[in-house]
$ cat start06.cif   # mmCIF, C-alpha atoms and all ligand atoms
data_work
loop_
_atom_site.group_PDB
_atom_site.id
_atom_site.type_symbol
_atom_site.label_atom_id
_atom_site.label_comp_id
_atom_site.auth_asym_id
_atom_site.auth_seq_id
_atom_site.Cartn_x
_atom_site.Cartn_y
_atom_site.Cartn_z
ATOM 1 C CA MET A 1 167.933 30.628 -60.927
ATOM 2 C CA ALA A 2 167.840 28.808 -64.251
ATOM 3 C CA THR A 3 168.924 25.219 -63.858
ATOM 4 C CA ASP A 4 168.153 22.477 -66.319
ATOM 5 C CA VAL A 5 167.086 19.549 -64.218
ATOM 6 C CA PRO A 6 166.527 16.343 -66.195
ATOM 7 C CA SER A 7 163.214 14.567 -65.799
ATOM 8 C CA ILE A 8 162.051 11.016 -65.606
ATOM 9 C CA LYS A 9 158.968 9.807 -67.478
ATOM 10 C CA LEU A 10 156.405 8.448 -65.054
ATOM 11 C CA ALA A 11 154.189 5.509 -65.903
ATOM 12 C CA SER A 12 151.307 7.998 -65.996
ATOM 13 C CA GLY A 13 152.995 9.658 -68.984
ATOM 14 C CA TYR A 14 153.872 12.865 -67.126
ATOM 15 C CA ASP A 15 157.457 13.990 -66.544
ATOM 16 C CA MET A 16 158.874 14.401 -63.057
ATOM 17 C CA PRO A 17 162.144 16.288 -62.385
ATOM 18 C CA LEU A 18 164.888 14.120 -60.912
ATOM 19 C CA VAL A 19 165.578 16.772 -58.282
ATOM 20 C CA GLY A 20 162.939 18.538 -56.237
ATOM 21 C CA PHE A 21 162.799 20.478 -52.992
ATOM 22 C CA GLY A 22 161.858 18.732 -49.756
ATOM 23 C CA MET A 23 159.475 20.887 -47.739
ATOM 24 C CA TRP A 24 159.453 19.126 -44.375
ATOM 25 C CA LYS A 25 160.877 21.452 -41.669
ATOM 26 C CA VAL A 26 161.426 24.228 -44.201
ATOM 27 C CA ARG A 27 161.055 27.720 -42.720
ATOM 28 C CA ASN A 28 158.615 30.160 -44.311
ATOM 29 C CA GLU A 29 161.483 32.523 -45.234
ATOM 30 C CA THR A 30 163.056 29.755 -47.290
ATOM 31 C CA CYS A 31 159.778 29.184 -49.081
ATOM 32 C CA ALA A 32 159.645 32.855 -49.909
ATOM 33 C CA ALA A 33 163.241 32.846 -51.055
ATOM 34 C CA GLN A 34 162.534 29.966 -53.374
ATOM 35 C CA SER A 35 159.222 31.317 -54.633
ATOM 36 C CA MET A 36 157.612 28.270 -53.126
ATOM 37 C CA ARG A 37 155.187 30.232 -51.032
ATOM 38 C CA TRP A 38 152.957 30.167 -54.065
ATOM 39 C CA SER A 39 152.793 26.386 -54.106
ATOM 40 C CA LYS A 40 152.276 26.254 -50.360
ATOM 41 C CA ALA A 41 149.526 28.802 -50.703
ATOM 42 C CA ARG A 42 148.016 26.752 -53.476
ATOM 43 C CA LEU A 43 147.876 23.712 -51.239
ATOM 44 C CA GLU A 44 146.356 25.753 -48.482
ATOM 45 C CA ASN A 45 143.816 27.244 -50.796
ATOM 46 C CA GLU A 46 140.468 27.189 -49.015
ATOM 47 C CA ALA A 47 138.125 24.623 -50.502
ATOM 48 C CA TRP A 48 141.047 23.174 -52.424
ATOM 49 C CA GLY A 49 140.366 25.609 -55.238
ATOM 50 C CA ILE A 50 143.583 24.586 -56.930
ATOM 51 C CA GLY A 51 144.055 23.545 -60.518
ATOM 52 C CA TYR A 52 145.531 20.118 -59.951
ATOM 53 C CA LEU A 53 148.271 18.255 -58.095
ATOM 54 C CA ASP A 54 151.055 16.708 -60.141
ATOM 55 C CA LEU A 55 151.462 13.731 -57.852
ATOM 56 C CA PHE A 56 149.514 12.415 -54.887
ATOM 57 C CA LEU A 57 150.822 9.614 -52.674
ATOM 58 C CA ILE A 58 149.349 7.259 -50.147
ATOM 59 C CA HIS A 59 151.686 8.231 -47.362
ATOM 60 C CA PHE A 60 152.066 5.304 -45.037
ATOM 61 C CA PRO A 61 150.325 2.017 -45.663
ATOM 62 C CA ILE A 62 147.982 2.452 -42.722
ATOM 63 C CA ALA A 63 144.504 3.957 -42.370
ATOM 64 C CA PRO A 64 144.131 6.214 -39.351
ATOM 65 C CA GLU A 65 140.683 7.494 -38.431
ATOM 66 C CA PHE A 66 139.674 10.565 -40.440
ATOM 67 C CA ILE A 67 139.989 13.805 -38.468
ATOM 68 C CA PRO A 68 137.662 16.476 -39.887
ATOM 69 C CA PHE A 69 139.454 19.519 -41.287
ATOM 70 C CA ASP A 70 137.587 21.845 -38.918
ATOM 71 C CA LYS A 71 139.290 20.018 -36.033
ATOM 72 C CA ILE A 72 142.772 20.073 -37.548
ATOM 73 C CA ARG A 73 143.344 21.947 -40.795
ATOM 74 C CA HIS A 74 146.456 19.893 -41.526
ATOM 75 C CA PRO A 75 146.111 16.661 -39.586
ATOM 76 C CA CYS A 76 149.405 15.338 -38.246
ATOM 77 C CA PHE A 77 147.846 11.974 -39.011
ATOM 78 C CA TRP A 78 148.877 9.935 -36.040
ATOM 79 C CA THR A 79 147.821 12.098 -33.122
ATOM 80 C CA ASP A 80 145.030 14.437 -32.197
ATOM 81 C CA LYS A 81 145.567 18.209 -32.250
ATOM 82 C CA GLU A 82 146.725 18.340 -28.647
ATOM 83 C CA GLN A 83 149.077 15.442 -29.305
ATOM 84 C CA THR A 84 147.769 13.489 -26.348
ATOM 85 C CA GLN A 85 146.194 10.549 -28.186
ATOM 86 C CA VAL A 86 147.355 8.280 -30.949
ATOM 87 C CA THR A 87 144.814 8.300 -33.794
ATOM 88 C CA PRO A 88 143.150 4.872 -33.917
ATOM 89 C CA LEU A 89 143.350 2.837 -37.089
ATOM 90 C CA VAL A 90 140.179 2.038 -39.013
ATOM 91 C CA LYS A 91 139.251 -0.963 -41.119
ATOM 92 C CA VAL A 92 139.990 0.474 -44.540
ATOM 93 C CA PRO A 93 142.060 -1.661 -46.898
ATOM 94 C CA ILE A 94 144.731 -0.075 -49.072
ATOM 95 C CA ARG A 95 142.738 -1.136 -52.121
ATOM 96 C CA GLU A 96 139.928 1.255 -51.179
ATOM 97 C CA THR A 97 142.349 4.137 -50.628
ATOM 98 C CA TRP A 98 144.069 3.421 -53.930
ATOM 99 C CA GLN A 99 140.764 3.402 -55.774
ATOM 100 C CA MET A 100 139.951 6.825 -54.306
ATOM 101 C CA LEU A 101 143.229 8.122 -55.715
ATOM 102 C CA GLU A 102 142.330 6.721 -59.108
ATOM 103 C CA GLU A 103 139.009 8.517 -58.894
ATOM 104 C CA LEU A 104 140.856 11.778 -58.277
ATOM 105 C CA VAL A 105 142.854 11.237 -61.451
ATOM 106 C CA GLN A 106 139.720 10.483 -63.398
ATOM 107 C CA THR A 107 137.744 13.436 -62.016
ATOM 108 C CA LYS A 108 137.791 16.202 -64.587
ATOM 109 C CA ASN A 109 138.155 19.763 -63.379
ATOM 110 C CA PRO A 110 138.914 20.041 -66.344
ATOM 111 C CA ASN A 111 142.327 18.331 -66.245
ATOM 112 C CA GLY A 112 141.965 15.921 -63.365
ATOM 113 C CA VAL A 113 142.428 16.913 -59.740
ATOM 114 C CA VAL A 114 145.520 14.749 -59.632
ATOM 115 C CA ARG A 115 147.753 13.755 -62.541
ATOM 116 C CA SER A 116 149.847 10.896 -61.170
ATOM 117 C CA VAL A 117 149.455 8.679 -58.133
ATOM 118 C CA GLY A 118 151.909 6.743 -56.045
ATOM 119 C CA VAL A 119 152.730 5.365 -52.634
ATOM 120 C CA SER A 120 155.205 5.957 -49.844
ATOM 121 C CA GLU A 121 156.759 3.465 -47.434
ATOM 122 C CA PHE A 122 155.182 0.481 -49.152
ATOM 123 C CA HIS A 123 157.081 -2.768 -49.086
ATOM 124 C CA THR A 124 157.318 -5.465 -51.727
ATOM 125 C CA GLN A 125 154.194 -7.414 -50.790
ATOM 126 C CA LEU A 126 151.982 -4.325 -50.752
ATOM 127 C CA ILE A 127 153.380 -3.123 -54.064
ATOM 128 C CA TYR A 128 152.600 -6.503 -55.643
ATOM 129 C CA ASP A 129 149.157 -6.278 -54.102
ATOM 130 C CA VAL A 130 148.436 -2.848 -55.629
ATOM 131 C CA LEU A 131 149.773 -4.090 -58.971
ATOM 132 C CA SER A 132 147.215 -6.917 -58.874
ATOM 133 C CA TYR A 133 144.227 -4.520 -59.011
ATOM 134 C CA ASN A 134 145.332 -1.039 -60.117
ATOM 135 C CA LYS A 135 143.658 0.340 -63.198
ATOM 136 C CA LEU A 136 145.879 3.422 -63.436
ATOM 137 C CA PRO A 137 149.655 3.228 -63.188
ATOM 138 C CA LEU A 138 151.395 3.260 -59.843
ATOM 139 C CA SER A 139 153.796 6.039 -60.798
ATOM 140 C CA THR A 140 156.140 6.461 -57.839
ATOM 141 C CA LEU A 141 157.327 4.891 -54.629
ATOM 142 C CA GLN A 142 158.809 7.254 -52.038
ATOM 143 C CA ILE A 143 161.118 5.648 -49.475
ATOM 144 C CA GLU A 144 163.938 6.481 -47.099
ATOM 145 C CA HIS A 145 167.102 5.944 -49.094
ATOM 146 C CA HIS A 146 170.682 6.837 -48.204
ATOM 147 C CA PRO A 147 173.971 4.975 -47.855
ATOM 148 C CA TYR A 148 173.068 3.726 -44.356
ATOM 149 C CA LEU A 149 169.759 2.311 -45.704
ATOM 150 C CA THR A 150 170.087 1.360 -49.355
ATOM 151 C CA GLN A 151 167.085 -1.028 -49.781
ATOM 152 C CA PRO A 152 168.299 -2.407 -53.155
ATOM 153 C CA GLU A 153 165.637 -5.117 -53.463
ATOM 154 C CA LEU A 154 162.786 -2.706 -52.863
ATOM 155 C CA ILE A 155 164.221 -0.307 -55.433
ATOM 156 C CA ALA A 156 164.661 -3.164 -57.895
ATOM 157 C CA ILE A 157 161.063 -4.366 -57.642
ATOM 158 C CA ALA A 158 159.792 -0.836 -58.088
ATOM 159 C CA GLN A 159 161.974 -0.009 -61.067
ATOM 160 C CA GLU A 160 161.363 -3.424 -62.702
ATOM 161 C CA ASN A 161 157.656 -2.604 -62.593
ATOM 162 C CA GLY A 162 157.991 0.868 -64.067
ATOM 163 C CA ILE A 163 157.548 2.624 -60.711
ATOM 164 C CA ALA A 164 159.877 5.603 -60.304
ATOM 165 C CA VAL A 165 161.608 5.673 -56.939
ATOM 166 C CA THR A 166 161.934 8.860 -54.918
ATOM 167 C CA GLY A 167 164.507 8.679 -52.158
ATOM 168 C CA TYR A 168 164.006 10.896 -49.150
ATOM 169 C CA SER A 169 166.480 11.745 -46.366
ATOM 170 C CA THR A 170 169.300 11.281 -48.893
ATOM 171 C CA PHE A 171 171.723 12.684 -46.325
ATOM 172 C CA GLY A 172 170.762 9.993 -43.797
ATOM 173 C CA PRO A 173 170.954 11.173 -40.191
ATOM 174 C CA GLN A 174 171.464 14.839 -41.153
ATOM 175 C CA SER A 175 167.794 15.753 -41.331
ATOM 176 C CA LEU A 176 166.908 14.122 -38.032
ATOM 177 C CA LEU A 177 169.671 15.814 -36.050
ATOM 178 C CA GLU A 178 167.629 19.008 -35.825
ATOM 179 C CA LEU A 179 164.835 16.967 -34.209
ATOM 180 C CA GLY A 180 167.174 15.526 -31.580
ATOM 181 C CA ASN A 181 166.687 11.992 -32.947
ATOM 182 C CA ALA A 182 168.800 9.576 -30.873
ATOM 183 C CA ALA A 183 169.567 7.181 -33.757
ATOM 184 C CA ALA A 184 170.805 10.097 -35.872
ATOM 185 C CA GLN A 185 172.956 11.403 -33.045
ATOM 186 C CA GLY A 186 174.469 7.948 -32.535
ATOM 187 C CA VAL A 187 176.082 7.538 -35.969
ATOM 188 C CA LYS A 188 178.804 9.262 -37.895
ATOM 189 C CA PRO A 189 177.320 11.886 -40.242
ATOM 190 C CA LEU A 190 177.513 10.574 -43.804
ATOM 191 C CA PHE A 191 179.284 13.768 -44.857
ATOM 192 C CA GLU A 192 182.152 12.846 -42.526
ATOM 193 C CA THR A 193 182.690 9.279 -43.667
ATOM 194 C CA ASP A 194 186.031 8.669 -45.424
ATOM 195 C CA VAL A 195 184.291 7.177 -48.454
ATOM 196 C CA VAL A 196 182.006 10.152 -49.104
ATOM 197 C CA LYS A 197 184.635 12.743 -48.205
ATOM 198 C CA SER A 198 187.286 11.288 -50.491
ATOM 199 C CA ILE A 199 184.908 10.935 -53.459
ATOM 200 C CA ALA A 200 183.767 14.536 -52.940
ATOM 201 C CA GLU A 201 187.375 15.740 -52.896
ATOM 202 C CA LYS A 202 188.175 13.828 -56.103
ATOM 203 C CA HIS A 203 185.306 15.543 -57.930
ATOM 204 C CA GLY A 204 185.694 18.945 -56.287
ATOM 205 C CA LYS A 205 182.086 18.705 -55.055
ATOM 206 C CA SER A 206 180.463 18.736 -51.640
ATOM 207 C CA PRO A 207 179.634 15.460 -49.885
ATOM 208 C CA GLY A 208 175.948 16.343 -50.253
ATOM 209 C CA GLN A 209 176.289 16.690 -54.006
ATOM 210 C CA VAL A 210 178.024 13.309 -54.183
ATOM 211 C CA LEU A 211 175.144 11.597 -52.365
ATOM 212 C CA LEU A 212 172.543 13.256 -54.571
ATOM 213 C CA ARG A 213 174.488 12.490 -57.741
ATOM 214 C CA GLY A 214 174.747 8.801 -56.767
ATOM 215 C CA CYS A 215 170.947 8.693 -56.718
ATOM 216 C CA LYS A 216 170.562 10.538 -59.984
ATOM 217 C CA GLN A 217 172.839 8.025 -61.733
ATOM 218 C CA ARG A 218 170.551 5.215 -60.574
ATOM 219 C CA ASN A 219 167.411 7.068 -61.717
ATOM 220 C CA ILE A 220 166.328 7.751 -58.171
ATOM 221 C CA ILE A 221 164.516 11.063 -57.749
ATOM 222 C CA VAL A 222 165.767 13.170 -54.832
ATOM 223 C CA ILE A 223 163.983 15.864 -52.832
ATOM 224 C CA PRO A 224 166.644 17.388 -50.567
ATOM 225 C CA LYS A 225 165.455 19.895 -48.018
ATOM 226 C CA SER A 226 167.455 22.978 -47.122
ATOM 227 C CA ASN A 227 166.868 26.270 -45.355
ATOM 228 C CA SER A 228 169.981 27.706 -46.982
ATOM 229 C CA VAL A 229 169.713 29.300 -50.395
ATOM 230 C CA ASP A 230 173.336 28.376 -51.128
ATOM 231 C CA ARG A 231 172.715 24.731 -50.335
ATOM 232 C CA LEU A 232 169.488 24.741 -52.344
ATOM 233 C CA LYS A 233 171.506 25.944 -55.342
ATOM 234 C CA GLN A 234 174.225 23.387 -54.641
ATOM 235 C CA ASN A 235 171.656 20.600 -54.510
ATOM 236 C CA LEU A 236 170.547 21.456 -58.025
ATOM 237 C CA SER A 237 174.105 21.519 -59.409
ATOM 238 C CA LEU A 238 174.544 17.827 -59.948
ATOM 239 C CA PHE A 239 174.785 17.517 -63.655
ATOM 240 C CA ASP A 240 178.399 18.324 -64.528
ATOM 241 C CA PHE A 241 180.146 15.317 -63.000
ATOM 242 C CA ASN A 242 179.884 11.529 -62.971
ATOM 243 C CA LEU A 243 180.571 8.989 -60.275
ATOM 244 C CA SER A 244 182.163 5.749 -61.410
ATOM 245 C CA GLU A 245 180.388 2.442 -60.835
ATOM 246 C CA TYR A 246 183.082 1.669 -58.298
ATOM 247 C CA GLN A 247 182.439 4.896 -56.390
ATOM 248 C CA ILE A 248 178.700 4.158 -56.313
ATOM 249 C CA LYS A 249 179.471 0.682 -54.937
ATOM 250 C CA GLN A 250 181.787 2.185 -52.318
ATOM 251 C CA ILE A 251 179.030 4.533 -51.163
ATOM 252 C CA SER A 252 176.472 1.701 -51.040
ATOM 253 C CA SER A 253 178.860 -0.403 -48.996
ATOM 254 C CA LEU A 254 178.178 1.939 -46.063
ATOM 255 C CA ASP A 255 174.756 0.252 -45.765
ATOM 256 C CA ARG A 256 173.882 -0.771 -42.216
ATOM 257 C CA GLY A 257 170.124 -1.153 -42.523
ATOM 258 C CA LEU A 258 169.778 1.993 -40.403
ATOM 259 C CA ARG A 259 166.362 3.620 -40.610
ATOM 260 C CA PHE A 260 165.908 7.054 -39.083
ATOM 261 C CA ASN A 261 162.310 7.937 -40.000
ATOM 262 C CA VAL A 262 160.330 5.684 -37.699
ATOM 263 C CA PRO A 263 157.081 7.277 -36.588
ATOM 264 C CA ASN A 264 157.060 7.140 -32.833
ATOM 265 C CA THR A 265 154.317 9.236 -31.356
ATOM 266 C CA LEU A 266 153.739 9.437 -27.636
ATOM 267 C CA GLN A 267 156.235 6.597 -27.252
ATOM 268 C CA ARG A 268 153.997 4.373 -29.366
ATOM 269 C CA PRO A 269 155.878 3.413 -32.519
ATOM 270 C CA ILE A 270 153.850 2.664 -35.612
ATOM 271 C CA ARG A 271 155.424 -0.622 -36.607
ATOM 272 C CA THR A 272 155.024 -0.482 -40.370
ATOM 273 C CA PHE A 273 158.596 -1.482 -41.119
ATOM 274 C CA THR A 274 158.602 -4.915 -39.536
HETATM 275 N N1 LIG B 301 157.653 9.956 -47.095
HETATM 276 C C1 LIG B 301 158.136 10.180 -45.904
HETATM 277 O O1 LIG B 301 157.765 9.551 -44.922
HETATM 278 C C2 LIG B 301 159.181 11.255 -45.715
HETATM 279 C C3 LIG B 301 159.944 11.265 -44.546
HETATM 280 C C4 LIG B 301 160.949 12.218 -44.419
HETATM 281 C C5 LIG B 301 161.162 13.150 -45.416
HETATM 282 N N2 LIG B 301 160.367 13.128 -46.530
HETATM 283 C C6 LIG B 301 160.540 14.160 -47.591
HETATM 284 O O2 LIG B 301 161.884 14.175 -48.040
HETATM 285 C C7 LIG B 301 162.433 15.495 -47.953
HETATM 286 C C8 LIG B 301 163.926 15.410 -47.719
HETATM 287 O O3 LIG B 301 164.222 14.592 -46.610
HETATM 288 P P1 LIG B 301 164.746 15.176 -45.238
HETATM 289 O O4 LIG B 301 164.271 16.563 -45.039
HETATM 290 O O5 LIG B 301 164.422 14.156 -44.201
HETATM 291 O O6 LIG B 301 166.305 15.092 -45.365
HETATM 292 P P2 LIG B 301 167.486 15.579 -46.309
HETATM 293 O O7 LIG B 301 167.023 16.393 -47.425
HETATM 294 O O8 LIG B 301 168.289 14.340 -46.566
HETATM 295 O O9 LIG B 301 168.371 16.427 -45.299
HETATM 296 C C9 LIG B 301 168.069 17.711 -44.875
HETATM 297 C C10 LIG B 301 169.204 18.155 -43.963
HETATM 298 O O10 LIG B 301 170.418 18.274 -44.696
HETATM 299 C C11 LIG B 301 170.900 19.621 -44.670
HETATM 300 N N3 LIG B 301 171.376 19.913 -46.031
HETATM 301 C C12 LIG B 301 170.637 20.132 -47.147
HETATM 302 N N4 LIG B 301 171.424 20.279 -48.220
HETATM 303 C C13 LIG B 301 172.703 20.157 -47.787
HETATM 304 C C14 LIG B 301 173.975 20.207 -48.440
HETATM 305 N N5 LIG B 301 174.114 20.402 -49.743
HETATM 306 N N6 LIG B 301 175.079 20.042 -47.659
HETATM 307 C C15 LIG B 301 174.971 19.850 -46.331
HETATM 308 N N7 LIG B 301 173.795 19.766 -45.670
HETATM 309 C C16 LIG B 301 172.669 19.920 -46.399
HETATM 310 C C17 LIG B 301 169.722 20.458 -44.234
HETATM 311 O O11 LIG B 301 170.172 21.548 -43.456
HETATM 312 P P3 LIG B 301 169.840 23.069 -43.910
HETATM 313 O O12 LIG B 301 168.341 23.167 -43.997
HETATM 314 O O13 LIG B 301 170.414 23.891 -42.812
HETATM 315 O O14 LIG B 301 170.539 23.246 -45.223
HETATM 316 C C18 LIG B 301 168.942 19.491 -43.333
HETATM 317 O O15 LIG B 301 169.509 19.453 -42.038
HETATM 318 C C19 LIG B 301 161.617 16.107 -46.819
HETATM 319 O O16 LIG B 301 161.704 17.517 -46.820
HETATM 320 C C20 LIG B 301 160.237 15.562 -47.079
HETATM 321 O O17 LIG B 301 159.611 16.299 -48.104
HETATM 322 C C21 LIG B 301 159.399 12.195 -46.706
#
$ encode --input "start06.cif" --output "structure tokens"
Amino acid sequence: MATDVPSIKLASGYDMPLVGFGMWKVRNETCAAQSMRWSKARLENEAWGIGYLDLFLIHFPIAPEFIPFDKIRHPCFWTDKEQTQVTPLVKVPIRETWQMLEELVQTKNPNGVVRSVGVSEFHTQLIYDVLSYNKLPLSTLQIEHHPYLTQPELIAIAQENGIAVTGYSTFGPQSLLELGNAAAQGVKPLFETDVVKSIAEKHGKSPGQVLLRGCKQRNIIVIPKSNSVDRLKQNLSLFDFNLSEYQIKQISSLDRGLRFNVPNTLQRPIRTFT
């Protein structure tokens, strides 16, 4: 499927497409259908014998105890393998973790193990903190972003500082419904709101496309996940229509400060969003 997806220039100098594929909860068949098995296989490559990673993020501003790979090949990072114990936190400051990421960029193999580095779920104070000591650019910030949780100030501080924002869960509650998430079940799906539905009708597009397009117009990278090949194609077809400023404002006015992705393992929430 040939689709020209525009890119954004990261502070690292590398380009990043404005639309990617989210892989969380994606079935293996979908990976195969999208030729993504190769990238999954690359990541799973024994001994990390891969060429390089385009982008590597500190995912969650916390430092759980390291679980050796022979205990869990892909640690679920806040519980043990049996999911009976919450992984304890260790005394490692973000600065140390960030400096390790910088080392990965600087390690030649021959092109660097990692090209660009960024963070996920960081808030303003932590971003300012990283910006006070980073030697390499903080290229991206990945956050939950959808009309029920717009986070305009956080996006502004990132973009003002040359940090590209990636919004995840662009469809709000939709992704969490399949996990039986109570907060997601308790709100109207964004696709069914009058605002999104009427804008979609006006443009002859799907509600999903409208939400993704609204991000694109604000230079927010999106990574929608889908197990449907048709919807994957649809999510890449965002470049032949324009939302007006007014329509973007209407969509943002649905904001309710509603966050759906709150890690809550074994009934012990990790309170990083307070
Ligand atoms: N940094 C973090 O902490 C974090 C947290 C959550 C997610 N993420 C990343 O962000 C990616 C995307 O977020 P997400 O998976 O939470 O949510 P999402 O992409 O907003 O939503 C996925 C849901 O929307 C459906 N869908 C996809 N395209 C659609 C369309 N065009 N029309 C109608 N429904 C559509 C999918 O169903 P079908 O599969 O049936 O199409 C699925 O139920 C993840 O895969 C993951 O990589 C990061």
$ resolve_selection --input "start06.cif" --expression "the PyMOL selection byres (((chain A and resi 270) around 12) and not hetatm)" --output "MDAnalysis selection string"
chainID A and resid 60:64 77:79 86:89 261:269 271:274
$ residues_near_ligand --input "start06.cif" --ligand "ligand LIG 301 (chain B)" --cutoff "9 Å" --atoms "all atoms listed in the file" --output "VMD selection string"
chain A and resid 20 to 27 57 59 to 60 119 to 121 142 to 146 166 to 178 191 206 to 209 212 222 to 235 260 to 263
$ closest_residue --input "start06.cif" --among "A:Asp240, A:Ile155, A:Val210, A:Ala11" --to "A:Phe122" --atoms "only C-alpha atoms"
A:Ile155
$ atom_distance --input "start06.cif" --atom1 "atom CA of A:Leu238" --atom2 "atom CA of A:Gln151"
22.7 Å
$ residues_near_point --input "start06.cif" --point "(145.5, -0.3, -51.0)" --cutoff "8 Å" --atoms "all atoms listed in the file" --output "list in words"
Pro61, Pro93, Ile94, Arg95, Glu96, Thr97, Trp98, Gln99, Leu126, Asp129 and Val130 of chain A
$ residues_around --input "start06.cif" --residues "A:Lys216" --least-positions-apart "2" --cutoff "10 Å" --atoms "all atoms listed in the file" --output "VMD selection string"
chain A and resid 6 18 to 19 210 to 214 218 to 222 238 to 239 242
